[in-house]
>>> print(open('query.cif').read())   # mmCIF, N, CA and C atoms
data_final
loop_
_atom_site.label_atom_id
_atom_site.label_comp_id
_atom_site.auth_asym_id
_atom_site.auth_seq_id
_atom_site.Cartn_x
_atom_site.Cartn_y
_atom_site.Cartn_z
N MET A 1 -37.94 -5.15 -6.50
CA MET A 1 -36.83 -4.72 -5.67
C MET A 1 -36.94 -3.21 -5.44
N LEU A 2 -36.77 -2.81 -4.20
CA LEU A 2 -36.92 -1.41 -3.82
C LEU A 2 -35.61 -0.64 -3.94
N LYS A 3 -35.73 0.62 -4.25
CA LYS A 3 -34.58 1.53 -4.21
C LYS A 3 -34.36 1.90 -2.75
N ILE A 4 -33.12 2.12 -2.34
CA ILE A 4 -32.82 2.43 -0.94
C ILE A 4 -32.38 3.88 -0.79
N GLU A 5 -32.96 4.57 0.20
CA GLU A 5 -32.52 5.90 0.60
C GLU A 5 -32.23 5.84 2.10
N ILE A 6 -31.07 6.34 2.49
CA ILE A 6 -30.67 6.33 3.89
C ILE A 6 -30.54 7.77 4.37
N SER A 7 -31.19 8.08 5.49
CA SER A 7 -31.12 9.44 6.03
C SER A 7 -29.70 9.75 6.47
N LYS A 8 -29.39 11.03 6.57
CA LYS A 8 -28.05 11.44 6.99
C LYS A 8 -27.73 10.94 8.39
N ARG A 9 -28.71 10.96 9.28
CA ARG A 9 -28.50 10.47 10.66
C ARG A 9 -28.13 8.99 10.66
N ALA A 10 -28.88 8.20 9.90
CA ALA A 10 -28.62 6.76 9.86
C ALA A 10 -27.26 6.48 9.22
N GLU A 11 -26.96 7.20 8.15
CA GLU A 11 -25.68 7.00 7.47
C GLU A 11 -24.51 7.36 8.39
N LYS A 12 -24.64 8.44 9.11
CA LYS A 12 -23.59 8.87 10.04
C LYS A 12 -23.37 7.82 11.13
N PHE A 13 -24.46 7.27 11.67
CA PHE A 13 -24.35 6.25 12.70
C PHE A 13 -23.67 4.99 12.16
N ILE A 14 -24.07 4.57 10.97
CA ILE A 14 -23.51 3.35 10.37
C ILE A 14 -22.03 3.52 10.09
N ARG A 15 -21.63 4.68 9.63
CA ARG A 15 -20.21 4.93 9.31
C ARG A 15 -19.31 4.81 10.53
N LYS A 16 -19.82 5.12 11.71
CA LYS A 16 -19.03 5.10 12.93
C LYS A 16 -18.87 3.69 13.52
N LEU A 17 -19.62 2.74 13.03
CA LEU A 17 -19.61 1.39 13.59
C LEU A 17 -18.36 0.61 13.18
N PRO A 18 -17.97 -0.37 14.01
CA PRO A 18 -16.91 -1.30 13.61
C PRO A 18 -17.35 -2.10 12.38
N ALA A 19 -16.39 -2.63 11.65
CA ALA A 19 -16.66 -3.30 10.37
C ALA A 19 -17.69 -4.43 10.49
N LYS A 20 -17.60 -5.25 11.54
CA LYS A 20 -18.51 -6.39 11.67
C LYS A 20 -19.97 -5.93 11.81
N GLN A 21 -20.22 -4.96 12.69
CA GLN A 21 -21.58 -4.46 12.89
C GLN A 21 -22.09 -3.72 11.65
N LYS A 22 -21.20 -2.99 11.00
CA LYS A 22 -21.58 -2.27 9.78
C LYS A 22 -22.03 -3.28 8.72
N ARG A 23 -21.30 -4.36 8.58
CA ARG A 23 -21.63 -5.41 7.61
C ARG A 23 -22.98 -6.04 7.94
N GLN A 24 -23.25 -6.29 9.24
CA GLN A 24 -24.52 -6.88 9.65
C GLN A 24 -25.70 -5.97 9.28
N ILE A 25 -25.55 -4.69 9.56
CA ILE A 25 -26.63 -3.74 9.29
C ILE A 25 -26.86 -3.59 7.79
N ILE A 26 -25.80 -3.49 7.03
CA ILE A 26 -25.95 -3.34 5.58
C ILE A 26 -26.59 -4.60 4.97
N THR A 27 -26.21 -5.76 5.48
CA THR A 27 -26.83 -7.01 5.02
C THR A 27 -28.33 -7.01 5.31
N LYS A 28 -28.70 -6.55 6.50
CA LYS A 28 -30.12 -6.49 6.87
C LYS A 28 -30.87 -5.50 5.98
N ILE A 29 -30.27 -4.35 5.71
CA ILE A 29 -30.91 -3.35 4.83
C ILE A 29 -31.11 -3.94 3.44
N MET A 30 -30.13 -4.68 2.95
CA MET A 30 -30.26 -5.29 1.61
C MET A 30 -31.36 -6.34 1.61
N SER A 31 -31.53 -7.06 2.72
CA SER A 31 -32.62 -8.04 2.77
C SER A 31 -33.98 -7.35 2.84
N LEU A 32 -34.04 -6.16 3.49
CA LEU A 32 -35.28 -5.39 3.52
C LEU A 32 -35.66 -4.90 2.13
N ARG A 33 -34.65 -4.71 1.32
CA ARG A 33 -34.88 -4.28 -0.06
C ARG A 33 -35.71 -5.32 -0.82
N LEU A 34 -35.48 -6.59 -0.52
CA LEU A 34 -36.20 -7.67 -1.18
C LEU A 34 -37.53 -7.99 -0.50
N ASN A 35 -37.56 -7.88 0.84
CA ASN A 35 -38.78 -8.17 1.61
C ASN A 35 -38.89 -7.10 2.70
N SER A 36 -39.72 -6.09 2.46
CA SER A 36 -39.79 -4.96 3.39
C SER A 36 -40.57 -5.25 4.66
N GLU A 37 -41.24 -6.39 4.72
CA GLU A 37 -41.98 -6.77 5.92
C GLU A 37 -41.62 -8.19 6.34
N PRO A 38 -40.36 -8.42 6.76
CA PRO A 38 -39.99 -9.77 7.20
C PRO A 38 -40.71 -10.13 8.50
N HIS A 39 -40.63 -11.39 8.88
CA HIS A 39 -41.35 -11.86 10.07
C HIS A 39 -40.89 -11.17 11.36
N ASP A 40 -39.68 -10.65 11.39
CA ASP A 40 -39.17 -10.02 12.62
C ASP A 40 -39.37 -8.50 12.65
N SER A 41 -40.08 -7.94 11.67
CA SER A 41 -40.32 -6.50 11.69
C SER A 41 -41.68 -6.22 12.34
N ILE A 42 -41.77 -5.07 12.98
CA ILE A 42 -42.99 -4.70 13.71
C ILE A 42 -43.37 -3.27 13.32
N GLN A 43 -44.66 -3.06 13.11
CA GLN A 43 -45.15 -1.71 12.84
C GLN A 43 -45.13 -0.93 14.14
N LEU A 44 -44.62 0.31 14.10
CA LEU A 44 -44.53 1.12 15.31
C LEU A 44 -45.89 1.69 15.68
N LYS A 45 -46.21 1.64 16.95
CA LYS A 45 -47.46 2.20 17.44
C LYS A 45 -47.39 3.71 17.35
N GLY A 46 -48.45 4.33 16.89
CA GLY A 46 -48.49 5.78 16.78
C GLY A 46 -47.88 6.31 15.50
N HIS A 47 -47.26 5.45 14.72
CA HIS A 47 -46.67 5.82 13.44
C HIS A 47 -47.17 4.83 12.40
N ASP A 48 -48.16 5.23 11.64
CA ASP A 48 -48.85 4.31 10.75
C ASP A 48 -47.95 3.62 9.72
N PHE A 49 -46.93 4.31 9.24
CA PHE A 49 -46.14 3.76 8.14
C PHE A 49 -44.77 3.26 8.57
N TYR A 50 -44.30 3.62 9.75
CA TYR A 50 -42.95 3.26 10.17
C TYR A 50 -42.92 1.83 10.72
N ARG A 51 -41.83 1.14 10.42
CA ARG A 51 -41.61 -0.20 10.93
C ARG A 51 -40.24 -0.25 11.57
N ARG A 52 -40.03 -1.26 12.39
CA ARG A 52 -38.71 -1.45 12.99
C ARG A 52 -38.31 -2.90 12.86
N THR A 53 -37.02 -3.11 12.80
CA THR A 53 -36.47 -4.45 12.79
C THR A 53 -35.15 -4.42 13.55
N ASP A 54 -34.78 -5.53 14.10
CA ASP A 54 -33.56 -5.60 14.90
C ASP A 54 -32.53 -6.48 14.20
N ILE A 55 -31.29 -6.11 14.40
CA ILE A 55 -30.17 -6.93 13.93
C ILE A 55 -29.09 -6.85 14.98
N GLY A 56 -28.84 -7.96 15.66
CA GLY A 56 -27.86 -7.94 16.75
C GLY A 56 -28.31 -6.98 17.83
N GLU A 57 -27.44 -6.08 18.22
CA GLU A 57 -27.78 -5.10 19.26
C GLU A 57 -28.26 -3.77 18.69
N TYR A 58 -28.63 -3.77 17.42
CA TYR A 58 -29.05 -2.53 16.76
C TYR A 58 -30.48 -2.62 16.26
N ARG A 59 -31.12 -1.47 16.14
CA ARG A 59 -32.49 -1.37 15.69
C ARG A 59 -32.53 -0.45 14.47
N ILE A 60 -33.30 -0.83 13.47
CA ILE A 60 -33.45 -0.05 12.24
C ILE A 60 -34.90 0.40 12.15
N ILE A 61 -35.11 1.70 12.01
CA ILE A 61 -36.45 2.27 11.81
C ILE A 61 -36.54 2.66 10.33
N TYR A 62 -37.60 2.21 9.66
CA TYR A 62 -37.71 2.44 8.22
C TYR A 62 -39.17 2.49 7.78
N TYR A 63 -39.38 2.90 6.55
CA TYR A 63 -40.70 2.82 5.92
C TYR A 63 -40.52 2.71 4.41
N VAL A 64 -41.58 2.30 3.74
CA VAL A 64 -41.57 2.18 2.29
C VAL A 64 -42.47 3.25 1.73
N ARG A 65 -41.93 4.03 0.79
CA ARG A 65 -42.69 5.12 0.17
C ARG A 65 -43.14 4.68 -1.21
N GLU A 66 -44.43 4.75 -1.43
CA GLU A 66 -45.06 4.48 -2.72
C GLU A 66 -44.68 3.12 -3.31
N SER A 67 -44.41 2.15 -2.47
CA SER A 67 -44.04 0.79 -2.89
C SER A 67 -42.84 0.75 -3.82
N VAL A 68 -42.00 1.80 -3.77
CA VAL A 68 -40.86 1.89 -4.68
C VAL A 68 -39.55 2.14 -3.93
N VAL A 69 -39.61 2.95 -2.86
CA VAL A 69 -38.39 3.39 -2.17
C VAL A 69 -38.42 2.94 -0.70
N LEU A 70 -37.34 2.31 -0.27
CA LEU A 70 -37.16 1.93 1.14
C LEU A 70 -36.37 3.06 1.80
N ILE A 71 -36.99 3.75 2.76
CA ILE A 71 -36.35 4.85 3.46
C ILE A 71 -35.86 4.36 4.82
N ILE A 72 -34.56 4.42 5.06
CA ILE A 72 -33.99 4.06 6.35
C ILE A 72 -33.88 5.36 7.14
N LEU A 73 -34.75 5.53 8.14
CA LEU A 73 -34.78 6.76 8.93
C LEU A 73 -33.69 6.79 9.98
N LEU A 74 -33.65 5.76 10.81
CA LEU A 74 -32.75 5.75 11.95
C LEU A 74 -32.14 4.38 12.17
N VAL A 75 -30.94 4.38 12.70
CA VAL A 75 -30.29 3.16 13.16
C VAL A 75 -29.68 3.50 14.51
N GLY A 76 -29.87 2.64 15.49
CA GLY A 76 -29.32 2.92 16.82
C GLY A 76 -29.30 1.66 17.67
N LYS A 77 -28.76 1.81 18.87
CA LYS A 77 -28.67 0.69 19.81
C LYS A 77 -30.06 0.31 20.31
N ARG A 78 -30.29 -0.99 20.48
CA ARG A 78 -31.56 -1.48 20.99
C ARG A 78 -31.71 -1.24 22.48
N ASN A 79 -30.61 -1.31 23.20
CA ASN A 79 -30.67 -1.24 24.66
C ASN A 79 -31.10 0.12 25.19
N HIS A 80 -30.96 1.13 24.41
CA HIS A 80 -31.30 2.48 24.84
C HIS A 80 -32.55 2.93 24.09
N ASP A 81 -33.20 3.94 24.60
CA ASP A 81 -34.35 4.51 23.91
C ASP A 81 -33.94 5.60 22.95
N GLU A 82 -32.64 5.70 22.64
CA GLU A 82 -32.15 6.79 21.81
C GLU A 82 -32.82 6.81 20.44
N VAL A 83 -33.11 5.65 19.86
CA VAL A 83 -33.74 5.60 18.54
C VAL A 83 -35.12 6.24 18.61
N TYR A 84 -35.87 5.92 19.65
CA TYR A 84 -37.22 6.46 19.77
C TYR A 84 -37.20 7.94 20.14
N LYS A 85 -36.23 8.37 20.92
CA LYS A 85 -36.09 9.80 21.22
C LYS A 85 -35.80 10.58 19.96
N GLN A 86 -34.93 10.04 19.10
CA GLN A 86 -34.62 10.69 17.83
C GLN A 86 -35.85 10.71 16.92
N LEU A 87 -36.62 9.64 16.95
CA LEU A 87 -37.82 9.56 16.12
C LEU A 87 -38.83 10.63 16.51
N LYS A 88 -38.94 10.92 17.79
CA LYS A 88 -39.86 11.96 18.25
C LYS A 88 -39.45 13.32 17.72
N ARG A 89 -38.14 13.54 17.55
CA ARG A 89 -37.63 14.82 17.06
C ARG A 89 -37.86 15.03 15.57
N ILE A 90 -38.04 13.94 14.86
CA ILE A 90 -38.21 14.04 13.40
C ILE A 90 -39.61 14.52 13.05
#
>>> encode(input="query.cif", output="structure tokens")
Amino acid sequence: MLKIEISKRAEKFIRKLPAKQKRQIITKIMSLRLNSEPHDSIQLKGHDFYRRTDIGEYRIIYYVRESVVLIILLVGKRNHDEVYKQLKRI
């Protein structure tokens, strides 16, 4: 089981969500803790270690550090490219 670290950006985004969506995202993050490469996750092109997964209308960008820590970098809407724009800034 992996330890979870959530970036300030991701945490801020999650806090602003309505309760139902917040619960969905947290449930997905907890499932990533047990299986960091589920069948619906995809490795990002151009980023060797980053992966993405979708839950409802939201996208989670994450990676696993040293097979011990699950780092949640970004959470954002799937319909917009905002998640990828933020990723370029990091």
>>> select_by_dssp(input="query.cif", residues="stretch 2-62 of chain A", states="alpha helix (DSSP H)", output="ChimeraX atom specification")
/A:8-16,19-34
>>> closest_residue(input="query.cif", among="A:Leu32, A:Arg89, A:Glu37, A:Ile60", to="A:Val75", atoms="all atoms listed in the file")
A:Ile60
>>> residues_around(input="query.cif", residues="A:Val64", least_positions_apart="5", cutoff="10 Å", atoms="only C-alpha atoms", output="MDAnalysis selection string")
chainID A and resid 2:5 32:33 36:37 49:51 69:72
>>> closest_residue(input="query.cif", among="A:Lys88, A:His47, A:Tyr58, A:Pro18", to="A:Gly76", atoms="all atoms listed in the file")
A:Tyr58
>>> select_by_dssp(input="query.cif", residues="chain A", states="strand (DSSP E)", output="ChimeraX atom specification")
/A:3-6,42-43,51-55,58-65,69-77
>>> write_last_selection(input="query.cif", atoms="N, CA and C atoms", output="PDB file, keeping the file's coordinate frame")
ATOM      1  N   LYS A   3     -35.730   0.620  -4.250  1.00  0.00           N
ATOM      2  CA  LYS A   3     -34.580   1.530  -4.210  1.00  0.00           C
ATOM      3  C   LYS A   3     -34.360   1.900  -2.750  1.00  0.00           C
ATOM      4  N   ILE A   4     -33.120   2.120  -2.340  1.00  0.00           N
ATOM      5  CA  ILE A   4     -32.820   2.430  -0.940  1.00  0.00           C
ATOM      6  C   ILE A   4     -32.380   3.880  -0.790  1.00  0.00           C
ATOM      7  N   GLU A   5     -32.960   4.570   0.200  1.00  0.00           N
ATOM      8  CA  GLU A   5     -32.520   5.900   0.600  1.00  0.00           C
ATOM      9  C   GLU A   5     -32.230   5.840   2.100  1.00  0.00           C
ATOM     10  N   ILE A   6     -31.070   6.340   2.490  1.00  0.00           N
ATOM     11  CA  ILE A   6     -30.670   6.330   3.890  1.00  0.00           C
ATOM     12  C   ILE A   6     -30.540   7.770   4.370  1.00  0.00           C
ATOM     13  N   ILE A  42     -41.770  -5.070  12.980  1.00  0.00           N
ATOM     14  CA  ILE A  42     -42.990  -4.700  13.710  1.00  0.00           C
ATOM     15  C   ILE A  42     -43.370  -3.270  13.320  1.00  0.00           C
ATOM     16  N   GLN A  43     -44.660  -3.060  13.110  1.00  0.00           N
ATOM     17  CA  GLN A  43     -45.150  -1.710  12.840  1.00  0.00           C
ATOM     18  C   GLN A  43     -45.130  -0.930  14.140  1.00  0.00           C
ATOM     19  N   ARG A  51     -41.830   1.140  10.420  1.00  0.00           N
ATOM     20  CA  ARG A  51     -41.610  -0.200  10.930  1.00  0.00           C
ATOM     21  C   ARG A  51     -40.240  -0.250  11.570  1.00  0.00           C
ATOM     22  N   ARG A  52     -40.030  -1.260  12.390  1.00  0.00           N
ATOM     23  CA  ARG A  52     -38.710  -1.450  12.990  1.00  0.00           C
ATOM     24  C   ARG A  52     -38.310  -2.900  12.860  1.00  0.00           C
ATOM     25  N   THR A  53     -37.020  -3.110  12.800  1.00  0.00           N
ATOM     26  CA  THR A  53     -36.470  -4.450  12.790  1.00  0.00           C
ATOM     27  C   THR A  53     -35.150  -4.420  13.550  1.00  0.00           C
ATOM     28  N   ASP A  54     -34.780  -5.530  14.100  1.00  0.00           N
ATOM     29  CA  ASP A  54     -33.560  -5.600  14.900  1.00  0.00           C
ATOM     30  C   ASP A  54     -32.530  -6.480  14.200  1.00  0.00           C
ATOM     31  N   ILE A  55     -31.290  -6.110  14.400  1.00  0.00           N
ATOM     32  CA  ILE A  55     -30.170  -6.930  13.930  1.00  0.00           C
ATOM     33  C   ILE A  55     -29.090  -6.850  14.980  1.00  0.00           C
ATOM     34  N   TYR A  58     -28.630  -3.770  17.420  1.00  0.00           N
ATOM     35  CA  TYR A  58     -29.050  -2.530  16.760  1.00  0.00           C
ATOM     36  C   TYR A  58     -30.480  -2.620  16.260  1.00  0.00           C
ATOM     37  N   ARG A  59     -31.120  -1.470  16.140  1.00  0.00           N
ATOM     38  CA  ARG A  59     -32.490  -1.370  15.690  1.00  0.00           C
ATOM     39  C   ARG A  59     -32.530  -0.450  14.470  1.00  0.00           C
ATOM     40  N   ILE A  60     -33.300  -0.830  13.470  1.00  0.00           N
ATOM     41  CA  ILE A  60     -33.450  -0.050  12.240  1.00  0.00           C
ATOM     42  C   ILE A  60     -34.900   0.400  12.150  1.00  0.00           C
ATOM     43  N   ILE A  61     -35.110   1.700  12.010  1.00  0.00           N
ATOM     44  CA  ILE A  61     -36.450   2.270  11.810  1.00  0.00           C
ATOM     45  C   ILE A  61     -36.540   2.660  10.330  1.00  0.00           C
ATOM     46  N   TYR A  62     -37.600   2.210   9.660  1.00  0.00           N
ATOM     47  CA  TYR A  62     -37.710   2.440   8.220  1.00  0.00           C
ATOM     48  C   TYR A  62     -39.170   2.490   7.780  1.00  0.00           C
ATOM     49  N   TYR A  63     -39.380   2.900   6.550  1.00  0.00           N
ATOM     50  CA  TYR A  63     -40.700   2.820   5.920  1.00  0.00           C
ATOM     51  C   TYR A  63     -40.520   2.710   4.410  1.00  0.00           C
ATOM     52  N   VAL A  64     -41.580   2.300   3.740  1.00  0.00           N
ATOM     53  CA  VAL A  64     -41.570   2.180   2.290  1.00  0.00           C
ATOM     54  C   VAL A  64     -42.470   3.250   1.730  1.00  0.00           C
ATOM     55  N   ARG A  65     -41.930   4.030   0.790  1.00  0.00           N
ATOM     56  CA  ARG A  65     -42.690   5.120   0.170  1.00  0.00           C
ATOM     57  C   ARG A  65     -43.140   4.680  -1.210  1.00  0.00           C
ATOM     58  N   VAL A  69     -39.610   2.950  -2.860  1.00  0.00           N
ATOM     59  CA  VAL A  69     -38.390   3.390  -2.170  1.00  0.00           C
ATOM     60  C   VAL A  69     -38.420   2.940  -0.700  1.00  0.00           C
ATOM     61  N   LEU A  70     -37.340   2.310  -0.270  1.00  0.00           N
ATOM     62  CA  LEU A  70     -37.160   1.930   1.140  1.00  0.00           C
ATOM     63  C   LEU A  70     -36.370   3.060   1.800  1.00  0.00           C
ATOM     64  N   ILE A  71     -36.990   3.750   2.760  1.00  0.00           N
ATOM     65  CA  ILE A  71     -36.350   4.850   3.460  1.00  0.00           C
ATOM     66  C   ILE A  71     -35.860   4.360   4.820  1.00  0.00           C
ATOM     67  N   ILE A  72     -34.560   4.420   5.060  1.00  0.00           N
ATOM     68  CA  ILE A  72     -33.990   4.060   6.350  1.00  0.00           C
ATOM     69  C   ILE A  72     -33.880   5.360   7.140  1.00  0.00           C
ATOM     70  N   LEU A  73     -34.750   5.530   8.140  1.00  0.00           N
ATOM     71  CA  LEU A  73     -34.780   6.760   8.930  1.00  0.00           C
ATOM     72  C   LEU A  73     -33.690   6.790   9.980  1.00  0.00           C
ATOM     73  N   LEU A  74     -33.650   5.760  10.810  1.00  0.00           N
ATOM     74  CA  LEU A  74     -32.750   5.750  11.950  1.00  0.00           C
ATOM     75  C   LEU A  74     -32.140   4.380  12.170  1.00  0.00           C
ATOM     76  N   VAL A  75     -30.940   4.380  12.700  1.00  0.00           N
ATOM     77  CA  VAL A  75     -30.290   3.160  13.160  1.00  0.00           C
ATOM     78  C   VAL A  75     -29.680   3.500  14.510  1.00  0.00           C
ATOM     79  N   GLY A  76     -29.870   2.640  15.490  1.00  0.00           N
ATOM     80  CA  GLY A  76     -29.320   2.920  16.820  1.00  0.00           C
ATOM     81  C   GLY A  76     -29.300   1.660  17.670  1.00  0.00           C
ATOM     82  N   LYS A  77     -28.760   1.810  18.870  1.00  0.00           N
ATOM     83  CA  LYS A  77     -28.670   0.690  19.810  1.00  0.00           C
ATOM     84  C   LYS A  77     -30.060   0.310  20.310  1.00  0.00           C
TER      85      LYS A  77
END
>>> closest_residue(input="query.cif", among="A:Ser31, A:Arg15, A:Arg23, A:Asp40", to="A:Thr53", atoms="all atoms listed in the file")
A:Asp40
>>> atom_distance(input="query.cif", atom1="atom C of A:Lys85", atom2="atom C of A:Ser7")
14.8 Å
>>> atom_distance(input="query.cif", atom1="atom N of A:Ser41", atom2="atom C of A:Lys16")
24.3 Å
>>> atom_distance(input="query.cif", atom1="atom CA of A:Ile6", atom2="atom C of A:Asn79")
22.2 Å
>>> closest_residue(input="query.cif", among="A:Glu57, A:Leu87, A:Leu44, A:Asn35", to="A:Met1", atoms="only C-alpha atoms")
A:Asn35
>>> residues_near_point(input="query.cif", point="(-30.1, -8.7, 11.5)", cutoff="8 Å", atoms="only C-alpha atoms", output="PyMOL selection string")
chain A and resi 24-25+27-28+53-56
>>> closest_residue(input="query.cif", among="A:Leu74, A:Met30, A:Ile42, A:Val68", to="A:Ile14", atoms="only C-alpha atoms")
A:Leu74
>>> axis_aligned_box(input="query.cif", around="stretch 46-59 of chain A", padding_each_side="8 Å", output="lines of an AutoDock Vina configuration file")
center_x = -38.1
center_y = -0.8
center_z = 13.7
size_x = 37.4
size_y = 30.3
size_z = 27.1
